[in-house]
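Raw contents of protein_33.cif, mmCIF, C-alpha atoms and all ligand atoms:
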data_final
#
loop_
_atom_site.label_atom_id
_atom_site.label_comp_id
_atom_site.auth_asym_id
_atom_site.auth_seq_id
_atom_site.Cartn_x
_atom_site.Cartn_y
_atom_site.Cartn_z
CA MET H 2 22.31 -74.47 -109.99
CA LEU H 3 25.11 -76.29 -108.27
CA VAL H 4 26.05 -79.50 -109.96
CA LYS H 5 27.99 -81.68 -107.60
CA ASN H 6 30.53 -84.22 -108.59
CA SER H 7 29.56 -87.38 -106.81
CA SER H 8 32.98 -88.96 -107.33
CA ARG H 9 34.79 -86.41 -105.17
CA ALA H 10 36.47 -87.33 -101.91
CA PRO H 11 34.14 -87.97 -98.99
CA VAL H 12 33.77 -85.37 -96.29
CA GLN H 13 36.39 -85.86 -93.62
CA ASN H 14 34.66 -84.65 -90.48
CA PRO H 15 30.97 -84.63 -91.19
CA GLY H 16 28.98 -82.75 -88.63
CA LYS H 17 31.98 -81.39 -86.74
CA VAL H 18 32.12 -77.97 -88.31
CA LEU H 19 29.29 -75.81 -89.57
CA GLY H 20 30.83 -75.71 -92.99
CA ALA H 21 30.32 -77.47 -96.26
CA GLY H 22 30.77 -80.81 -94.53
CA PHE H 23 27.94 -80.10 -92.19
CA LEU H 24 25.60 -79.13 -94.97
CA ASP H 25 26.52 -82.28 -96.86
CA THR H 26 25.65 -84.30 -93.78
CA VAL H 27 22.39 -82.48 -93.55
CA ARG H 28 21.58 -83.11 -97.18
CA GLY H 29 22.43 -86.75 -96.92
CA VAL H 30 25.56 -88.53 -98.02
CA GLU H 31 26.04 -88.26 -101.73
CA GLY H 32 26.14 -91.44 -103.71
CA LEU H 33 23.72 -93.17 -101.37
CA PRO H 34 20.36 -92.61 -102.94
CA ARG H 35 17.71 -92.58 -100.30
CA PRO H 36 14.25 -93.43 -101.54
CA PRO H 37 12.38 -90.18 -101.04
CA LYS H 38 9.46 -90.65 -98.75
CA ASP H 39 6.94 -87.87 -98.81
CA ARG H 40 6.52 -86.01 -95.57
CA ARG H 41 3.12 -84.74 -94.71
CA VAL H 42 2.91 -80.95 -94.49
CA GLU H 43 0.01 -78.69 -93.66
CA PHE H 44 1.48 -75.50 -94.93
CA ILE H 45 2.83 -74.28 -98.26
CA PRO H 46 4.22 -70.76 -98.00
CA HIS H 47 3.14 -68.01 -100.36
CA LEU H 48 6.26 -66.00 -99.62
CA THR H 49 9.18 -68.14 -100.64
CA TYR H 50 12.10 -65.76 -100.81
CA PHE H 51 13.64 -63.75 -97.97
CA LYS H 52 16.65 -61.54 -98.49
CA PRO H 53 18.73 -59.31 -96.25
CA GLN H 54 18.39 -55.62 -96.95
CA GLY H 55 21.38 -53.73 -98.23
CA VAL H 56 23.28 -56.59 -99.77
CA PRO H 57 23.93 -56.09 -103.49
CA LEU H 58 22.48 -58.88 -105.55
CA GLY H 59 25.85 -59.90 -106.90
CA PHE H 60 27.10 -60.57 -103.36
CA LEU H 61 24.02 -62.34 -102.18
CA ASP H 62 24.32 -65.99 -101.32
CA GLU H 63 21.31 -68.07 -100.53
CA VAL H 64 20.30 -71.15 -98.64
CA ALA H 65 17.52 -73.40 -99.85
CA LEU H 66 14.99 -74.49 -97.28
CA THR H 67 12.69 -77.33 -98.30
CA ILE H 68 8.95 -77.29 -97.70
CA GLU H 69 9.24 -80.05 -95.10
CA GLU H 70 12.02 -78.20 -93.29
CA LEU H 71 9.79 -75.16 -93.07
CA GLU H 72 7.01 -77.40 -91.76
CA ALA H 73 9.34 -78.75 -89.08
CA LEU H 74 10.12 -75.20 -87.93
CA ARG H 75 6.46 -74.30 -88.00
CA LEU H 76 5.35 -77.25 -85.92
CA LYS H 77 8.18 -77.26 -83.41
CA ASP H 78 9.14 -73.61 -83.03
CA LEU H 79 5.93 -71.80 -83.91
CA GLU H 80 3.19 -74.15 -82.75
CA GLY H 81 5.34 -75.46 -79.92
CA LEU H 82 4.53 -79.14 -80.38
CA ASP H 83 6.90 -81.68 -78.88
CA GLN H 84 8.98 -83.78 -81.24
CA GLU H 85 6.72 -86.76 -80.88
CA GLY H 86 3.72 -84.70 -81.94
CA CYS H 87 5.64 -83.12 -84.82
CA ALA H 88 6.83 -86.48 -86.08
CA LYS H 89 3.31 -87.82 -85.93
CA LYS H 90 1.94 -84.89 -87.87
CA MET H 91 4.56 -85.23 -90.57
CA GLN H 92 4.24 -89.01 -90.50
CA VAL H 93 7.92 -89.68 -90.06
CA ALA H 94 9.99 -91.39 -87.40
CA ARG H 95 11.14 -89.18 -84.53
CA THR H 96 14.75 -89.48 -85.62
CA THR H 97 13.76 -88.37 -89.11
CA PHE H 98 11.87 -85.41 -87.74
CA ARG H 99 14.84 -84.50 -85.58
CA ARG H 100 17.10 -84.60 -88.64
CA ILE H 101 14.76 -82.39 -90.67
CA LEU H 102 14.49 -79.92 -87.79
CA VAL H 103 18.24 -79.74 -87.20
CA SER H 104 18.77 -79.17 -90.89
CA ALA H 105 16.14 -76.43 -91.02
CA ARG H 106 17.54 -74.59 -87.99
CA ALA H 107 21.07 -74.82 -89.35
CA LYS H 108 19.99 -73.27 -92.62
CA VAL H 109 18.08 -70.42 -90.99
CA ALA H 110 21.02 -69.76 -88.66
CA GLU H 111 23.36 -69.83 -91.62
CA ALA H 112 21.24 -67.23 -93.40
CA LEU H 113 20.90 -64.95 -90.36
CA ILE H 114 24.51 -65.11 -89.27
CA ASN H 115 26.13 -64.96 -92.68
CA GLY H 116 23.62 -62.62 -94.31
CA LYS H 117 22.26 -65.02 -96.88
CA ALA H 118 18.91 -65.08 -98.56
CA ILE H 119 16.50 -67.91 -97.88
CA ARG H 120 14.74 -69.62 -100.74
CA ILE H 121 11.96 -72.00 -99.82
CA GLU H 122 11.24 -74.64 -102.40
CA GLY H 123 11.18 -78.32 -103.19
CA GLY H 124 11.65 -81.30 -100.94
CA ASN H 125 9.75 -84.51 -100.48
CA TYR H 126 6.34 -83.66 -99.22
CA ARG H 127 2.67 -83.93 -99.82
CA LEU H 128 0.13 -81.39 -98.74
CA ALA H 129 -2.38 -82.58 -96.19
CA VAL H 130 -5.91 -81.67 -96.92
CA ALA H 131 -8.34 -80.46 -94.30
CA ARG H 132 -11.94 -79.42 -94.33
CA PHE H 133 -12.97 -75.88 -93.46
CA ILE H 134 -16.28 -74.20 -92.89
CA CYS H 135 -17.11 -70.51 -93.15
CA LEU H 136 -19.01 -69.34 -90.08
CA GLU H 137 -20.57 -66.49 -92.05
CA CYS H 138 -22.04 -68.22 -95.09
CA MET H 139 -21.56 -71.86 -93.99
CA TYR H 140 -19.75 -72.70 -97.19
CA ASP H 141 -17.33 -75.58 -96.68
CA TRP H 142 -14.32 -76.65 -98.69
CA GLU H 143 -11.11 -78.61 -98.61
CA ALA H 144 -7.69 -77.02 -98.61
CA GLY H 145 -4.25 -77.32 -97.12
CA GLY H 146 -4.33 -77.41 -93.36
CA ILE H 147 -4.15 -73.74 -92.47
CA GLN H 148 -6.93 -71.27 -92.08
CA ARG H 149 -7.67 -68.97 -94.98
CA PRO H 150 -10.50 -66.56 -95.77
CA CYS H 151 -13.64 -68.12 -97.14
CA PRO H 152 -13.25 -68.58 -100.92
CA LYS H 153 -16.93 -67.79 -101.40
CA CYS H 154 -17.61 -64.70 -99.28
CA GLY H 155 -14.13 -63.71 -98.15
CA ALA H 156 -15.01 -63.82 -94.45
CA ARG H 157 -12.19 -64.61 -92.07
CA LYS H 158 -14.41 -66.37 -89.57
CA VAL H 159 -13.38 -69.79 -90.73
CA GLN H 160 -13.20 -72.95 -88.69
CA ARG H 161 -11.17 -76.03 -89.35
CA MET H 162 -13.17 -79.19 -88.91
CA GLU H 163 -11.16 -81.58 -86.84
CA GLN H 164 -11.45 -85.28 -87.39
CA ASN H 165 -10.70 -86.64 -83.93
CA GLY H 166 -6.97 -86.22 -84.22
CA SER H 167 -6.54 -88.48 -87.20
CA ASP H 168 -4.85 -87.25 -90.31
CA PHE H 169 -6.47 -86.02 -93.41
CA HIS H 170 -5.25 -88.25 -96.15
CA HIS H 171 -5.61 -87.12 -99.65
CA PRO H 172 -6.50 -90.07 -101.84
CA HIS H 173 -4.27 -88.84 -104.64
CA ARG H 174 -0.61 -88.18 -104.47
CA GLY H 175 -0.46 -85.65 -107.25
CA ASP H 176 -0.62 -82.61 -105.02
CA ARG H 177 3.04 -81.88 -104.72
CA GLY H 178 3.65 -78.17 -104.52
CA ARG H 179 0.14 -77.37 -105.53
CA TRP H 180 -2.74 -75.95 -103.60
CA PRO H 181 -5.55 -78.45 -103.91
CA GLU H 182 -8.92 -76.85 -103.63
CA LYS H 183 -12.06 -78.80 -104.16
CA LYS H 184 -15.41 -77.23 -104.25
CA GLY H 185 -17.35 -78.53 -101.32
CA GLY H 186 -21.08 -78.75 -101.13
CA SER H 187 -22.69 -76.04 -99.09
ZN ZN N 201 -18.15 -67.54 -96.43
#
For this file, write the structure as structure tokens.
Ligand SMILES: [Zn+2]
Amino acid sequence: MLVKNSSRAPVQNPGKVLGAGFLDTVRGVEGLPRPPKDRRVEFIPHLTYFKPQGVPLGFLDEVALTIEELEALRLKDLEGLDQEGCAKKMQVARTTFRRILVSARAKVAEALINGKAIRIEGGNYRLAVARFICLECMYDWEAGGIQRPCPKCGARKVQRMEQNGSDFHHPHRGDRGRWPEKKGGS
């Protein structure tokens, strides 16, 4: 764990060079505590560590990608939503989304170009909850917003029940980093 000395000299050219200064900019200026606002995510990865092959462990450096950074990549680069749509989904301002996305891409690029491992963990997020129904056994349940096999019969014919574009708000905020699964009636 890197413990940073907050009393050190400020970064001279933040954002100019893809070096330590850039990453500091991406992480936020030290010494200015920003009240963490949870970003809504629909996806918590099961695989959270990616490493380049053939690099001895002792030489391996890693970058840490947060859950909300991964969500930004997923929405923008995998699902192909525009930034407006992404920001809406994550319930942040467009500028905030842009910042998260830029940070995420920089980290992935850093890992690919410089042969670093990627660790996905932490961040300020809450898992959105959606309702699913199994088309085989008609069992329905709530889970994070991506499709998974039916927890009852294991069938993969599962449909997400949309709620006219509005967001699924979980009434509780204690779901950080956890997979909330409630038994639904069937
Ligand atoms: Zn089923």
Practice problem: May I have the residues within 10 Å of stretch 115-117 of chain H as a VMD selection string, using only C-alpha atoms and disregarding those fewer than 5 positions away in the same chain? | Solution: chain H and resid 51 to 56 60 to 64 108 to 110
Filtering to C-alpha atoms, could you give me those residues as a PDB file, keeping the file's coordinate frame?
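Once written, selection.pdb looks like this:
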ATOM      1  CA  PHE H  51      13.640 -63.750 -97.970  1.00  0.00           C
ATOM      2  CA  LYS H  52      16.650 -61.540 -98.490  1.00  0.00           C
ATOM      3  CA  PRO H  53      18.730 -59.310 -96.250  1.00  0.00           C
ATOM      4  CA  GLN H  54      18.390 -55.620 -96.950  1.00  0.00           C
ATOM      5  CA  GLY H  55      21.380 -53.730 -98.230  1.00  0.00           C
ATOM      6  CA  VAL H  56      23.280 -56.590 -99.770  1.00  0.00           C
ATOM      7  CA  PHE H  60      27.100 -60.570-103.360  1.00  0.00           C
ATOM      8  CA  LEU H  61      24.020 -62.340-102.180  1.00  0.00           C
ATOM      9  CA  ASP H  62      24.320 -65.990-101.320  1.00  0.00           C
ATOM     10  CA  GLU H  63      21.310 -68.070-100.530  1.00  0.00           C
ATOM     11  CA  VAL H  64      20.300 -71.150 -98.640  1.00  0.00           C
ATOM     12  CA  LYS H 108      19.990 -73.270 -92.620  1.00  0.00           C
ATOM     13  CA  VAL H 109      18.080 -70.420 -90.990  1.00  0.00           C
ATOM     14  CA  ALA H 110      21.020 -69.760 -88.660  1.00  0.00           C
TER      15      ALA H 110
END
Quiz item: Using all atoms listed in the file, what are the residues with an atom within 8 Å of ligand ZN 201 (chain N), set out as a list of chain:residue names?
Solution: H:Ile134, H:Cys135, H:Leu136, H:Glu137, H:Cys138, H:Met139, H:Tyr140, H:Pro150, H:Cys151, H:Pro152, H:Lys153, H:Cys154, H:Gly155, H:Ala156, H:Arg157, H:Lys158, H:Val159
Exercise. Please measure the separation of atom CA of H:Leu113 and atom CA of H:Arg40, giving the value in Å to one decimal.
Key: 26.0 Å
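If you measure from each of H:Leu128, H:Ala73, H:Pro46, H:Gly81 to H:Thr97 using only C-alpha atoms, the closest one turns out to be H:Ala73.
With distances taken over all atoms listed in the file, H:Glu43 is the one residue among H:Leu58, H:Arg100, H:Ala94, H:Glu43 lying closest to H:Arg75.
Computed from the coordinates, the atom CA of H:Arg161 to atom CA of H:Leu48 distance equals 22.6 Å.
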Quiz item: Which one is closest to H:Phe133: H:Leu79, H:Met162, H:Leu74, H:Val103? Count all atoms listed in the file.
Solution: H:Met162
Exercise. Figure out the distance between atom CA of H:Gln92 and atom CA of H:Ile68, please, to one decimal in Å.
Key: 14.5 Å
Practice problem: Find the residues near H:Arg95: any atom within 7 Å, counting all atoms listed in the file, skip ones fewer than 4 places away on the same chain, and give them as a PyMOL selection string. | Solution: chain H and resi 84-85+88+99
Selected residues written out with C-alpha atoms, as a compact mmCIF listing (two decimals), in the coordinates of the input:
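Here's the written file result35.txt:
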# COMPACT_ATOMS: atom_id res chain seq x y z
CA GLN H 84 8.98 -83.78 -81.24
CA GLU H 85 6.72 -86.76 -80.88
CA ALA H 88 6.83 -86.48 -86.08
CA ARG H 99 14.84 -84.50 -85.58
Counting all atoms listed in the file, select every polymer residue within 7 Å of (14.4, -69.9, -105.0) as defined in the file's coordinates, and provide the selection as a compact mmCIF listing (two decimals) with C-alpha atoms, in the frame of the given file.
# COMPACT_ATOMS: atom_id res chain seq x y z
CA TYR H 50 12.10 -65.76 -100.81
CA ALA H 65 17.52 -73.40 -99.85
CA ARG H 120 14.74 -69.62 -100.74
CA ILE H 121 11.96 -72.00 -99.82
CA GLU H 122 11.24 -74.64 -102.40
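Each of H:Thr67, H:Gln148, H:Asn125, H:Thr49 was compared to H:Leu102 using all atoms listed in the file, and H:Thr67 turns out to be the nearest.
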For stretch 99-111 of chain H, I'd like the enclosing box, axis-aligned and padded by 4 Å on every side, reported as JSON with centre and edge lengths in Å to one decimal.
{"center_x": 18.9, "center_y": -77.2, "center_z": -89.1, "size_x": 16.9, "size_y": 22.8, "size_z": 15.0}
